[in-house]
>>> print(open('final00.pdb').read())   # PDB, C-alpha atoms
ATOM      1  CA  MET A   1     -30.831 -38.366  -8.009
ATOM      2  CA  SER A   2     -30.845 -34.586  -7.815
ATOM      3  CA  VAL A   3     -32.266 -31.623  -9.709
ATOM      4  CA  LEU A   4     -30.077 -28.818 -11.089
ATOM      5  CA  VAL A   5     -31.722 -25.501 -11.981
ATOM      6  CA  PHE A   6     -30.002 -22.903 -14.168
ATOM      7  CA  ILE A   7     -30.518 -19.365 -12.856
ATOM      8  CA  GLU A   8     -30.686 -16.514 -15.346
ATOM      9  CA  SER A   9     -30.029 -12.955 -14.209
ATOM     10  CA  ASP A  10     -30.056  -9.445 -15.627
ATOM     11  CA  ASN A  11     -27.653  -6.801 -14.303
ATOM     12  CA  GLY A  12     -27.048  -8.902 -11.208
ATOM     13  CA  ASN A  13     -30.742  -9.456 -10.505
ATOM     14  CA  ILE A  14     -32.255 -12.942 -10.666
ATOM     15  CA  LYS A  15     -35.186 -13.200 -13.042
ATOM     16  CA  LYS A  16     -38.571 -14.161 -11.624
ATOM     17  CA  SER A  17     -38.906 -16.884 -14.256
ATOM     18  CA  SER A  18     -35.780 -18.544 -12.810
ATOM     19  CA  LEU A  19     -37.299 -18.475  -9.319
ATOM     20  CA  GLU A  20     -40.337 -20.213 -10.808
ATOM     21  CA  ALA A  21     -37.970 -22.787 -12.311
ATOM     22  CA  VAL A  22     -36.543 -23.456  -8.830
ATOM     23  CA  SER A  23     -40.061 -24.054  -7.470
ATOM     24  CA  PHE A  24     -40.668 -26.315 -10.479
ATOM     25  CA  GLY A  25     -37.499 -28.241  -9.682
ATOM     26  CA  ALA A  26     -38.544 -28.500  -6.040
ATOM     27  CA  GLY A  27     -41.796 -30.117  -7.176
ATOM     28  CA  ILE A  28     -39.813 -32.774  -9.040
ATOM     29  CA  ALA A  29     -37.405 -33.285  -6.140
ATOM     30  CA  LYS A  30     -40.302 -33.822  -3.732
ATOM     31  CA  GLN A  31     -41.616 -36.667  -5.881
ATOM     32  CA  GLU A  32     -38.159 -38.226  -6.278
ATOM     33  CA  GLY A  33     -37.060 -37.764  -2.694
ATOM     34  CA  SER A  34     -34.110 -35.661  -3.856
ATOM     35  CA  THR A  35     -32.861 -32.069  -3.528
ATOM     36  CA  VAL A  36     -32.571 -28.956  -5.684
ATOM     37  CA  THR A  37     -29.301 -27.215  -6.524
ATOM     38  CA  ALA A  38     -29.376 -23.782  -8.182
ATOM     39  CA  LEU A  39     -26.575 -22.874 -10.595
ATOM     40  CA  VAL A  40     -25.673 -19.178 -10.816
ATOM     41  CA  LEU A  41     -23.227 -17.994 -13.483
ATOM     42  CA  GLY A  42     -21.350 -14.721 -13.416
ATOM     43  CA  LEU A  43     -22.229 -11.559 -11.561
ATOM     44  CA  VAL A  44     -25.254 -11.839  -9.261
ATOM     45  CA  GLU A  45     -25.762  -9.748  -6.152
ATOM     46  CA  ASP A  46     -25.373 -11.748  -2.919
ATOM     47  CA  SER A  47     -28.580 -10.189  -1.638
ATOM     48  CA  GLN A  48     -30.433 -11.941  -4.463
ATOM     49  CA  LEU A  49     -29.351 -15.450  -3.520
ATOM     50  CA  GLY A  50     -31.640 -15.775  -0.521
ATOM     51  CA  ALA A  51     -34.685 -15.857  -2.798
ATOM     52  CA  LEU A  52     -33.422 -19.099  -4.340
ATOM     53  CA  GLY A  53     -33.561 -20.841  -0.989
ATOM     54  CA  MET A  54     -37.062 -19.530  -0.334
ATOM     55  CA  ALA A  55     -38.135 -20.820  -3.756
ATOM     56  CA  GLY A  56     -36.960 -24.339  -2.894
ATOM     57  CA  ALA A  57     -33.205 -24.692  -3.478
ATOM     58  CA  SER A  58     -31.169 -26.379  -0.742
ATOM     59  CA  LYS A  59     -27.789 -25.529  -2.315
ATOM     60  CA  ILE A  60     -26.523 -22.742  -4.573
ATOM     61  CA  LEU A  61     -23.444 -23.215  -6.763
ATOM     62  CA  HIS A  62     -21.993 -19.904  -7.933
ATOM     63  CA  ALA A  63     -19.467 -19.823 -10.782
ATOM     64  CA  LYS A  64     -17.816 -16.403 -10.485
ATOM     65  CA  GLU A  65     -15.665 -16.707 -13.615
ATOM     66  CA  GLU A  66     -15.438 -13.092 -14.801
ATOM     67  CA  ARG A  67     -16.041 -13.991 -18.460
ATOM     68  CA  LEU A  68     -19.475 -15.321 -17.510
ATOM     69  CA  ASN A  69     -20.601 -11.820 -16.509
ATOM     70  CA  THR A  70     -21.551 -11.340 -20.162
ATOM     71  CA  PRO A  71     -24.175 -13.895 -21.223
ATOM     72  CA  SER A  72     -22.886 -16.321 -23.848
ATOM     73  CA  ILE A  73     -24.868 -19.314 -25.086
ATOM     74  CA  MET A  74     -21.789 -21.420 -25.837
ATOM     75  CA  ALA A  75     -19.965 -20.570 -22.598
ATOM     76  CA  TYR A  76     -23.093 -21.047 -20.494
ATOM     77  CA  ALA A  77     -23.776 -24.421 -22.138
ATOM     78  CA  SER A  78     -20.236 -25.532 -21.385
ATOM     79  CA  ALA A  79     -20.487 -24.413 -17.760
ATOM     80  CA  ILE A  80     -23.900 -26.041 -17.267
ATOM     81  CA  SER A  81     -22.777 -29.375 -18.726
ATOM     82  CA  GLN A  82     -19.669 -29.400 -16.499
ATOM     83  CA  VAL A  83     -21.714 -28.761 -13.365
ATOM     84  CA  LEU A  84     -24.202 -31.436 -14.426
ATOM     85  CA  GLU A  85     -21.335 -33.914 -14.488
ATOM     86  CA  GLN A  86     -19.809 -32.656 -11.228
ATOM     87  CA  THR A  87     -23.075 -32.891  -9.302
ATOM     88  CA  GLY A  88     -24.381 -36.056 -10.931
ATOM     89  CA  ALA A  89     -27.774 -34.366 -11.361
ATOM     90  CA  THR A  90     -30.270 -36.408 -13.364
ATOM     91  CA  THR A  91     -32.590 -33.504 -14.217
ATOM     92  CA  LEU A  92     -31.727 -30.016 -15.463
ATOM     93  CA  VAL A  93     -34.438 -27.341 -15.354
ATOM     94  CA  LEU A  94     -34.267 -24.025 -17.209
ATOM     95  CA  ALA A  95     -36.820 -21.239 -17.609
ATOM     96  CA  GLN A  96     -37.561 -20.714 -21.296
ATOM     97  CA  SER A  97     -35.794 -17.661 -22.728
ATOM     98  CA  ALA A  98     -33.714 -16.549 -25.698
ATOM     99  CA  LEU A  99     -30.578 -17.379 -23.676
ATOM    100  CA  ALA A 100     -31.541 -20.405 -21.582
ATOM    101  CA  THR A 101     -33.342 -22.400 -24.282
ATOM    102  CA  PRO A 102     -30.408 -22.719 -26.723
ATOM    103  CA  ALA A 103     -27.895 -23.056 -23.872
ATOM    104  CA  GLY A 104     -29.979 -25.896 -22.450
ATOM    105  CA  ALA A 105     -30.140 -27.605 -25.839
ATOM    106  CA  ARG A 106     -26.344 -27.504 -26.218
ATOM    107  CA  ALA A 107     -25.893 -28.727 -22.643
ATOM    108  CA  ALA A 108     -28.259 -31.629 -23.352
ATOM    109  CA  VAL A 109     -26.119 -32.711 -26.310
ATOM    110  CA  LYS A 110     -22.913 -32.458 -24.266
ATOM    111  CA  ALA A 111     -24.441 -34.490 -21.418
ATOM    112  CA  GLY A 112     -26.180 -37.035 -23.654
ATOM    113  CA  ALA A 113     -29.523 -36.083 -22.123
ATOM    114  CA  ALA A 114     -33.063 -36.076 -23.499
ATOM    115  CA  ILE A 115     -34.579 -32.590 -23.806
ATOM    116  CA  VAL A 116     -38.222 -31.521 -23.544
ATOM    117  CA  SER A 117     -39.153 -27.921 -24.386
ATOM    118  CA  ASN A 118     -42.349 -25.912 -23.766
ATOM    119  CA  VAL A 119     -43.050 -27.802 -20.538
ATOM    120  CA  ILE A 120     -46.306 -26.492 -19.068
ATOM    121  CA  GLU A 121     -46.944 -28.661 -16.004
ATOM    122  CA  LEU A 122     -45.033 -30.323 -13.215
ATOM    123  CA  PRO A 123     -43.946 -33.816 -14.356
ATOM    124  CA  VAL A 124     -45.511 -36.911 -12.807
ATOM    125  CA  VAL A 125     -42.840 -39.207 -11.383
ATOM    126  CA  GLU A 126     -44.193 -42.612 -10.372
ATOM    127  CA  GLY A 127     -43.689 -46.293 -11.055
ATOM    128  CA  GLY A 128     -40.329 -45.702 -12.685
ATOM    129  CA  GLN A 129     -41.879 -43.349 -15.247
ATOM    130  CA  PHE A 130     -41.198 -39.644 -15.790
ATOM    131  CA  LYS A 131     -44.178 -38.125 -17.623
ATOM    132  CA  VAL A 132     -43.939 -34.574 -18.941
ATOM    133  CA  LYS A 133     -46.700 -32.460 -20.531
ATOM    134  CA  ARG A 134     -45.661 -29.907 -23.150
ATOM    135  CA  GLY A 135     -47.335 -27.487 -25.522
ATOM    136  CA  ILE A 136     -47.079 -28.137 -29.273
ATOM    137  CA  PHE A 137     -48.216 -26.355 -32.453
ATOM    138  CA  THR A 138     -47.622 -22.948 -30.801
ATOM    139  CA  GLY A 139     -49.797 -23.889 -27.844
ATOM    140  CA  LYS A 140     -52.820 -25.103 -29.811
ATOM    141  CA  ALA A 141     -52.351 -28.694 -28.613
ATOM    142  CA  PHE A 142     -50.578 -30.651 -25.884
ATOM    143  CA  GLU A 143     -48.725 -33.922 -25.633
ATOM    144  CA  THR A 144     -47.525 -36.032 -22.723
ATOM    145  CA  LEU A 145     -44.152 -37.743 -23.029
ATOM    146  CA  ASN A 146     -42.592 -40.471 -20.920
ATOM    147  CA  VAL A 147     -38.907 -39.565 -20.738
ATOM    148  CA  GLU A 148     -36.974 -42.824 -20.539
ATOM    149  CA  ALA A 149     -33.446 -41.373 -20.638
ATOM    150  CA  ASP A 150     -31.322 -41.440 -17.486
ATOM    151  CA  LYS A 151     -30.703 -37.692 -17.844
ATOM    152  CA  ARG A 152     -33.245 -35.102 -18.976
ATOM    153  CA  VAL A 153     -33.348 -31.372 -19.640
ATOM    154  CA  LEU A 154     -36.663 -29.599 -19.103
ATOM    155  CA  VAL A 155     -37.246 -26.137 -20.581
ATOM    156  CA  VAL A 156     -40.190 -24.670 -18.675
ATOM    157  CA  LYS A 157     -42.593 -21.979 -19.838
ATOM    158  CA  LYS A 158     -43.255 -19.039 -17.572
ATOM    159  CA  ASN A 159     -46.181 -19.521 -15.154
ATOM    160  CA  ALA A 160     -45.982 -23.308 -15.582
ATOM    161  CA  VAL A 161     -45.902 -23.651 -11.812
ATOM    162  CA  GLU A 162     -46.692 -21.357  -8.916
ATOM    163  CA  LEU A 163     -43.695 -19.554  -7.437
ATOM    164  CA  LYS A 164     -43.204 -20.790  -3.878
ATOM    165  CA  ALA A 165     -41.657 -18.739  -1.108
ATOM    166  CA  ASP A 166     -41.893 -21.169   1.792
ATOM    167  CA  GLY A 167     -38.429 -22.701   1.567
ATOM    168  CA  GLY A 168     -35.456 -22.044   3.797
ATOM    169  CA  GLU A 169     -31.859 -20.904   3.699
ATOM    170  CA  ALA A 170     -29.688 -22.455   0.998
ATOM    171  CA  VAL A 171     -25.987 -23.268   1.354
ATOM    172  CA  VAL A 172     -23.877 -21.170  -1.050
ATOM    173  CA  GLU A 173     -20.705 -22.652  -2.537
ATOM    174  CA  GLU A 174     -18.362 -21.475  -5.254
ATOM    175  CA  VAL A 175     -17.922 -23.852  -8.162
ATOM    176  CA  ALA A 176     -15.089 -23.884 -10.678
ATOM    177  CA  VAL A 177     -15.681 -24.391 -14.396
ATOM    178  CA  SER A 178     -13.079 -24.726 -17.134
ATOM    179  CA  LEU A 179     -13.776 -22.502 -20.126
ATOM    180  CA  SER A 180     -11.737 -22.436 -23.334
ATOM    181  CA  ASP A 181     -11.300 -19.727 -25.944
ATOM    182  CA  GLY A 182     -13.597 -21.815 -28.147
ATOM    183  CA  ASP A 183     -16.460 -21.082 -25.742
ATOM    184  CA  PHE A 184     -16.127 -17.393 -26.574
ATOM    185  CA  VAL A 185     -15.735 -17.400 -30.355
ATOM    186  CA  LEU A 186     -18.906 -15.298 -30.506
ATOM    187  CA  LYS A 187     -18.360 -11.955 -28.816
ATOM    188  CA  VAL A 188     -20.978  -9.376 -27.833
ATOM    189  CA  LEU A 189     -19.899  -6.038 -29.307
ATOM    190  CA  GLU A 190     -22.728  -3.929 -27.923
ATOM    191  CA  THR A 191     -26.120  -4.369 -26.296
ATOM    192  CA  HIS A 192     -29.262  -2.261 -26.689
ATOM    193  CA  LYS A 193     -31.779  -2.919 -23.933
ATOM    194  CA  GLN A 194     -35.412  -2.020 -23.670
ATOM    195  CA  GLU A 195     -35.948   0.667 -21.083
ATOM    196  CA  GLY A 196     -38.922   1.296 -18.850
ATOM    197  CA  ASP A 197     -40.332   0.643 -15.407
ATOM    198  CA  VAL A 198     -41.827  -2.699 -16.486
ATOM    199  CA  LEU A 199     -40.086  -4.803 -19.159
ATOM    200  CA  LEU A 200     -42.288  -6.804 -21.515
ATOM    201  CA  PRO A 201     -40.702 -10.300 -21.222
ATOM    202  CA  GLU A 202     -40.933 -10.289 -17.407
ATOM    203  CA  ALA A 203     -44.216  -8.392 -16.993
ATOM    204  CA  GLU A 204     -47.044  -9.845 -14.902
ATOM    205  CA  ILE A 205     -49.573  -7.627 -16.738
ATOM    206  CA  VAL A 206     -49.392  -6.529 -20.389
ATOM    207  CA  VAL A 207     -51.593  -4.015 -22.200
ATOM    208  CA  SER A 208     -51.304  -4.237 -25.999
ATOM    209  CA  GLY A 209     -52.758  -2.082 -28.738
ATOM    210  CA  GLY A 210     -53.489  -2.744 -32.401
ATOM    211  CA  ARG A 211     -54.569  -0.876 -35.502
ATOM    212  CA  GLY A 212     -57.860  -0.092 -33.789
ATOM    213  CA  LEU A 213     -56.014   2.742 -32.032
ATOM    214  CA  LYS A 214     -55.915   4.480 -35.476
ATOM    215  CA  GLY A 215     -52.503   6.097 -34.979
ATOM    216  CA  PRO A 216     -49.490   6.576 -32.682
ATOM    217  CA  GLU A 217     -50.926   9.855 -31.416
ATOM    218  CA  ASN A 218     -53.648   7.896 -29.592
ATOM    219  CA  TRP A 219     -51.313   5.616 -27.642
ATOM    220  CA  GLY A 220     -51.730   7.691 -24.525
ATOM    221  CA  ILE A 221     -54.846   5.748 -23.507
ATOM    222  CA  ILE A 222     -52.856   2.495 -23.677
ATOM    223  CA  GLU A 223     -50.031   3.976 -21.589
ATOM    224  CA  ASP A 224     -52.475   5.440 -19.045
ATOM    225  CA  LEU A 225     -54.170   2.061 -18.547
ATOM    226  CA  ALA A 226     -50.801   0.299 -18.299
ATOM    227  CA  SER A 227     -49.559   2.855 -15.771
ATOM    228  CA  SER A 228     -52.653   2.411 -13.587
ATOM    229  CA  LEU A 229     -52.085  -1.370 -13.551
ATOM    230  CA  GLY A 230     -48.291  -1.329 -13.235
ATOM    231  CA  ALA A 231     -48.181  -3.090 -16.608
ATOM    232  CA  ALA A 232     -45.880  -3.244 -19.618
ATOM    233  CA  THR A 233     -47.101  -2.071 -23.014
ATOM    234  CA  GLY A 234     -47.084  -4.134 -26.203
ATOM    235  CA  CYS A 235     -48.467  -3.975 -29.716
ATOM    236  CA  SER A 236     -49.438  -6.085 -32.707
ATOM    237  CA  LYS A 237     -47.112  -6.675 -35.666
ATOM    238  CA  PRO A 238     -48.868  -4.228 -38.053
ATOM    239  CA  VAL A 239     -48.447  -1.483 -35.466
ATOM    240  CA  SER A 240     -44.684  -2.027 -35.178
ATOM    241  CA  ASP A 241     -44.381  -2.444 -38.974
ATOM    242  CA  MET A 242     -45.987   0.984 -39.433
ATOM    243  CA  ASP A 243     -43.570   2.434 -36.850
ATOM    244  CA  TRP A 244     -46.372   3.499 -34.560
ATOM    245  CA  ARG A 245     -44.510   1.711 -31.778
ATOM    246  CA  PRO A 246     -40.925   0.402 -31.379
ATOM    247  CA  HIS A 247     -40.275  -3.145 -32.562
ATOM    248  CA  HIS A 248     -39.296  -4.345 -29.080
ATOM    249  CA  GLU A 249     -42.996  -3.963 -28.136
ATOM    250  CA  HIS A 250     -44.152  -6.338 -30.893
ATOM    251  CA  VAL A 251     -45.946  -9.272 -29.262
ATOM    252  CA  GLY A 252     -46.532 -12.437 -31.293
ATOM    253  CA  GLN A 253     -45.021 -15.516 -32.874
ATOM    254  CA  THR A 254     -42.353 -13.479 -34.683
ATOM    255  CA  GLY A 255     -41.972 -10.950 -31.868
ATOM    256  CA  ILE A 256     -41.872 -11.379 -28.109
ATOM    257  CA  LYS A 257     -43.831 -14.276 -26.631
ATOM    258  CA  VAL A 258     -45.326 -13.350 -23.284
ATOM    259  CA  SER A 259     -46.885 -15.323 -20.432
ATOM    260  CA  PRO A 260     -48.329 -12.733 -18.051
ATOM    261  CA  ASN A 261     -51.012 -13.299 -15.458
ATOM    262  CA  LEU A 262     -53.162 -10.770 -17.332
ATOM    263  CA  TYR A 263     -53.039  -9.817 -21.021
ATOM    264  CA  ILE A 264     -55.286  -6.997 -22.255
ATOM    265  CA  ALA A 265     -55.645  -6.695 -26.042
ATOM    266  CA  VAL A 266     -57.103  -3.421 -27.294
ATOM    267  CA  GLY A 267     -58.126  -2.971 -30.922
ATOM    268  CA  ILE A 268     -56.353  -6.178 -31.995
ATOM    269  CA  SER A 269     -58.305  -8.517 -34.270
ATOM    270  CA  GLY A 270     -56.443 -11.633 -33.136
ATOM    271  CA  ALA A 271     -54.450 -13.040 -36.057
ATOM    272  CA  ILE A 272     -53.058 -16.516 -35.442
ATOM    273  CA  GLN A 273     -49.483 -15.180 -35.257
ATOM    274  CA  HIS A 274     -50.443 -12.826 -32.437
ATOM    275  CA  LEU A 275     -52.375 -15.506 -30.566
ATOM    276  CA  ALA A 276     -49.338 -17.799 -30.717
ATOM    277  CA  GLY A 277     -47.368 -15.217 -28.748
ATOM    278  CA  VAL A 278     -49.910 -14.718 -25.948
ATOM    279  CA  ASN A 279     -51.722 -18.048 -25.519
ATOM    280  CA  SER A 280     -49.716 -18.880 -22.386
ATOM    281  CA  SER A 281     -51.287 -15.933 -20.560
ATOM    282  CA  LYS A 282     -53.314 -16.941 -17.518
ATOM    283  CA  CYS A 283     -56.134 -14.499 -18.311
ATOM    284  CA  ILE A 284     -56.867 -12.715 -21.604
ATOM    285  CA  VAL A 285     -59.150  -9.685 -21.845
ATOM    286  CA  VAL A 286     -60.131  -8.449 -25.316
ATOM    287  CA  ILE A 287     -61.541  -4.977 -26.029
ATOM    288  CA  ASN A 288     -62.767  -4.497 -29.596
ATOM    289  CA  LYS A 289     -65.731  -2.803 -31.227
ATOM    290  CA  ASP A 290     -66.064  -5.654 -33.760
ATOM    291  CA  PRO A 291     -68.078  -8.454 -32.089
ATOM    292  CA  GLU A 292     -66.802 -10.883 -34.754
ATOM    293  CA  ALA A 293     -63.120 -10.260 -33.995
ATOM    294  CA  PRO A 294     -61.372 -13.685 -33.835
ATOM    295  CA  PHE A 295     -59.617 -12.708 -30.604
ATOM    296  CA  PHE A 296     -62.879 -13.050 -28.661
ATOM    297  CA  LYS A 297     -62.751 -16.837 -29.180
ATOM    298  CA  ALA A 298     -59.508 -16.982 -27.194
ATOM    299  CA  ALA A 299     -60.576 -14.465 -24.537
ATOM    300  CA  ASP A 300     -61.466 -15.201 -20.938
ATOM    301  CA  TYR A 301     -63.311 -11.879 -20.838
ATOM    302  CA  GLY A 302     -64.433  -9.643 -23.698
ATOM    303  CA  ILE A 303     -65.726  -6.107 -24.005
ATOM    304  CA  VAL A 304     -67.465  -5.123 -27.242
ATOM    305  CA  GLY A 305     -67.012  -1.392 -27.463
ATOM    306  CA  ASP A 306     -65.005   1.544 -28.743
ATOM    307  CA  ALA A 307     -61.550   1.617 -27.137
ATOM    308  CA  PHE A 308     -61.648   5.421 -27.010
ATOM    309  CA  GLU A 309     -64.700   5.193 -24.749
ATOM    310  CA  VAL A 310     -63.890   2.029 -22.791
ATOM    311  CA  LEU A 311     -60.231   2.600 -21.858
ATOM    312  CA  PRO A 312     -60.573   6.030 -20.174
ATOM    313  CA  LYS A 313     -63.469   4.702 -18.054
ATOM    314  CA  LEU A 314     -61.563   1.524 -17.210
ATOM    315  CA  THR A 315     -58.452   3.494 -16.242
ATOM    316  CA  GLU A 316     -60.516   5.867 -14.108
ATOM    317  CA  ALA A 317     -62.182   2.928 -12.330
ATOM    318  CA  ILE A 318     -58.843   1.232 -11.607
ATOM    319  CA  LYS A 319     -57.382   4.458 -10.191
ATOM    320  CA  ALA A 320     -60.470   4.902  -8.003
ATOM    321  CA  VAL A 321     -60.126   1.364  -6.606
ATOM    322  CA  LYS A 322     -56.400   1.826  -5.900
ATOM    323  CA  SER A 323     -56.976   5.157  -4.146
TER     324      SER A 323
END
>>> encode(input="final00.pdb", output="structure tokens")
Amino acid sequence: MSVLVFIESDNGNIKKSSLEAVSFGAGIAKQEGSTVTALVLGLVEDSQLGALGMAGASKILHAKEERLNTPSIMAYASAISQVLEQTGATTLVLAQSALATPAGARAAVKAGAAIVSNVIELPVVEGGQFKVKRGIFTGKAFETLNVEADKRVLVVKKNAVELKADGGEAVVEEVAVSLSDGDFVLKVLETHKQEGDVLLPEAEIVVSGGRGLKGPENWGIIEDLASSLGAATGCSKPVSDMDWRPHHEHVGQTGIKVSPNLYIAVGISGAIQHLAGVNSSKCIVVINKDPEAPFFKAADYGIVGDAFEVLPKLTEAIKAVKS
């Protein structure tokens, strides 16, 4: 038995969520008495590969096929399924994302494997059973499955397991994959990427604003707080619908789902669609002047007060601590 982990990168840099997936895979391998192999597709800087070993991988397979430099769900699925067969891995782990999730699903079909999505805890492997806990109903409930298939694909949510950095050096090998023109029938014509110091999907801290900010001209207090924390900024759906903020900042069920260590919601009432996009956050802080705002029920900490009074004082306090 062995564990294969798909590594997702952006502009040659390995995503933190993929490093978490390696640590997740290492947790499975420890229970099975097996090893972890990381699969890297396309262009990734050599200087990045060392982090995979520290996260728990003992081997790194790097497919340097030039066409894989541009992410493609179909091509990635084909490459992943081929490496699954070559290595004989019984478990494939992927960090949940817009690219990895569908690629993992297609790879599962090609490999005849069972697939479990929204995995939130390390599986329990004992007595011939492989029990996996996953979130269902947009995180409002959980279920535990016993995966009886010989091969399984696990799609893991961000922060499902602590990122380890106590591993060692991993052996790096090139791996060949055979890709056909049919793997590239969908072509990327152009890409528009979110810009900024901290990108929302990968952020450890997120500060979001809602209609309680009263207008786009007041967003400075959100940006000041985010800057003091080294955080990304987000917003509720009504805010993006009114063009107060760009749509790539929309957090929620129909926007970007986030799983930061800290999520701060300012002037957001807490509609169910918004909660579904943030309920994987480790800690939620709600600031709202309405004590009956539904968001308070989901909060770890709450401040009942006017955002225009609370945020400047909070930002000032954070800057004072950091200085």
>>> atom_distance(input="final00.pdb", atom1="CA of Leu275 in chain A", atom2="CA of Ser18 in chain A")
24.5 Å
>>> residues_around(input="final00.pdb", residues="range 307-311 of chain A", least_positions_apart="5", cutoff="12 Å", atoms="all atoms listed in the file", output="ChimeraX atom specification")
/A:207-214,218-226,228,264-268,286-290,302,316-318
>>> residues_around(input="final00.pdb", residues="Ala38 in chain A", least_positions_apart="5", cutoff="9 Å", atoms="all atoms listed in the file", output="list of chain:residue names")
A:Val3, A:Leu4, A:Val5, A:Phe6, A:Ile7, A:Val22, A:Leu52, A:Gly53, A:Ala57, A:Ser58, A:Lys59, A:Ile60, A:Leu61, A:His62
>>> atom_distance(input="final00.pdb", atom1="CA of Val153 in chain A", atom2="CA of Leu19 in chain A")
17.0 Å
>>> atom_distance(input="final00.pdb", atom1="CA of Ala114 in chain A", atom2="CA of Gln86 in chain A")
18.4 Å
>>> resolve_selection(input="final00.pdb", expression="the PyMOL selection byres ((chain A and resi 124) around 10)", output="short mmCIF file (atom, residue, chain, number, x, y, z; two decimals) with C-alpha atoms, in the coordinates of the input")
data_model
loop_
_atom_site.label_atom_id
_atom_site.label_comp_id
_atom_site.auth_asym_id
_atom_site.auth_seq_id
_atom_site.Cartn_x
_atom_site.Cartn_y
_atom_site.Cartn_z
CA GLY A 27 -41.80 -30.12 -7.18
CA ILE A 28 -39.81 -32.77 -9.04
CA GLN A 31 -41.62 -36.67 -5.88
CA GLU A 32 -38.16 -38.23 -6.28
CA GLU A 121 -46.94 -28.66 -16.00
CA LEU A 122 -45.03 -30.32 -13.22
CA PRO A 123 -43.95 -33.82 -14.36
CA VAL A 125 -42.84 -39.21 -11.38
CA GLU A 126 -44.19 -42.61 -10.37
CA GLY A 127 -43.69 -46.29 -11.06
CA GLN A 129 -41.88 -43.35 -15.25
CA PHE A 130 -41.20 -39.64 -15.79
CA LYS A 131 -44.18 -38.12 -17.62
CA VAL A 132 -43.94 -34.57 -18.94
CA LYS A 133 -46.70 -32.46 -20.53
CA ASN A 146 -42.59 -40.47 -20.92
#
>>> resolve_selection(input="final00.pdb", expression="the PyMOL selection byres ((chain A and resi 40-46) around 6)", output="MDAnalysis selection string")
chainID A and resid 7 12 39 47:49 62:64 68:69
>>> write_last_selection(input="final00.pdb", atoms="C-alpha atoms", output="PDB file, keeping the file's coordinate frame")
ATOM      1  CA  ILE A   7     -30.518 -19.365 -12.856  1.00  0.00           C
ATOM      2  CA  GLY A  12     -27.048  -8.902 -11.208  1.00  0.00           C
ATOM      3  CA  LEU A  39     -26.575 -22.874 -10.595  1.00  0.00           C
ATOM      4  CA  SER A  47     -28.580 -10.189  -1.638  1.00  0.00           C
ATOM      5  CA  GLN A  48     -30.433 -11.941  -4.463  1.00  0.00           C
ATOM      6  CA  LEU A  49     -29.351 -15.450  -3.520  1.00  0.00           C
ATOM      7  CA  HIS A  62     -21.993 -19.904  -7.933  1.00  0.00           C
ATOM      8  CA  ALA A  63     -19.467 -19.823 -10.782  1.00  0.00           C
ATOM      9  CA  LYS A  64     -17.816 -16.403 -10.485  1.00  0.00           C
ATOM     10  CA  LEU A  68     -19.475 -15.321 -17.510  1.00  0.00           C
ATOM     11  CA  ASN A  69     -20.601 -11.820 -16.509  1.00  0.00           C
TER      12      ASN A  69
END
>>> residues_near_point(input="final00.pdb", point="(-37.4, -10.4, -17.3)", cutoff="7 Å", atoms="all atoms listed in the file", output="list in words")
Lys15, Lys16, Leu199, Pro201 and Glu202 of chain A
>>> resolve_selection(input="final00.pdb", expression="the PyMOL selection byres ((chain A and resi 237) around 12)", output="ChimeraX atom specification")
/A:208-211,234-236,238-256,268-275,277
>>> residues_around(input="final00.pdb", residues="Leu99 in chain A", least_positions_apart="5", cutoff="12 Å", atoms="only C-alpha atoms", output="compact mmCIF listing (two decimals) with C-alpha atoms, in the frame of the given file")
# COMPACT_ATOMS: atom_id res chain seq x y z
CA PHE A 6 -30.00 -22.90 -14.17
CA ILE A 7 -30.52 -19.36 -12.86
CA GLU A 8 -30.69 -16.51 -15.35
CA SER A 9 -30.03 -12.96 -14.21
CA ASP A 10 -30.06 -9.44 -15.63
CA THR A 70 -21.55 -11.34 -20.16
CA PRO A 71 -24.18 -13.90 -21.22
CA SER A 72 -22.89 -16.32 -23.85
CA ILE A 73 -24.87 -19.31 -25.09
CA MET A 74 -21.79 -21.42 -25.84
CA ALA A 75 -19.96 -20.57 -22.60
CA TYR A 76 -23.09 -21.05 -20.49
CA ALA A 77 -23.78 -24.42 -22.14
CA LEU A 94 -34.27 -24.02 -17.21
CA GLY A 104 -29.98 -25.90 -22.45
CA ALA A 105 -30.14 -27.60 -25.84
CA ARG A 106 -26.34 -27.50 -26.22
CA VAL A 155 -37.25 -26.14 -20.58
>>> residues_near_point(input="final00.pdb", point="(-44.8, -0.2, -19.9)", cutoff="9 Å", atoms="only C-alpha atoms", output="CSV table (one decimal) with C-alpha atoms, in the frame of the given file")
chain,number,residue,atom,x,y,z
A,195,GLU,CA,-35.9,0.7,-21.1
A,196,GLY,CA,-38.9,1.3,-18.8
A,197,ASP,CA,-40.3,0.6,-15.4
A,198,VAL,CA,-41.8,-2.7,-16.5
A,199,LEU,CA,-40.1,-4.8,-19.2
A,200,LEU,CA,-42.3,-6.8,-21.5
A,203,ALA,CA,-44.2,-8.4,-17.0
A,206,VAL,CA,-49.4,-6.5,-20.4
A,207,VAL,CA,-51.6,-4.0,-22.2
A,223,GLU,CA,-50.0,4.0,-21.6
A,226,ALA,CA,-50.8,0.3,-18.3
A,227,SER,CA,-49.6,2.9,-15.8
A,230,GLY,CA,-48.3,-1.3,-13.2
A,231,ALA,CA,-48.2,-3.1,-16.6
A,232,ALA,CA,-45.9,-3.2,-19.6
A,233,THR,CA,-47.1,-2.1,-23.0
A,234,GLY,CA,-47.1,-4.1,-26.2
>>> closest_residue(input="final00.pdb", among="A:Asn261, A:Thr91, A:Ser280, A:Ser78", to="Phe184 in chain A", atoms="only C-alpha atoms")
A:Ser78
>>> closest_residue(input="final00.pdb", among="A:Leu92, A:Leu262, A:Val285, A:Leu229", to="Ile80 in chain A", atoms="only C-alpha atoms")
A:Leu92
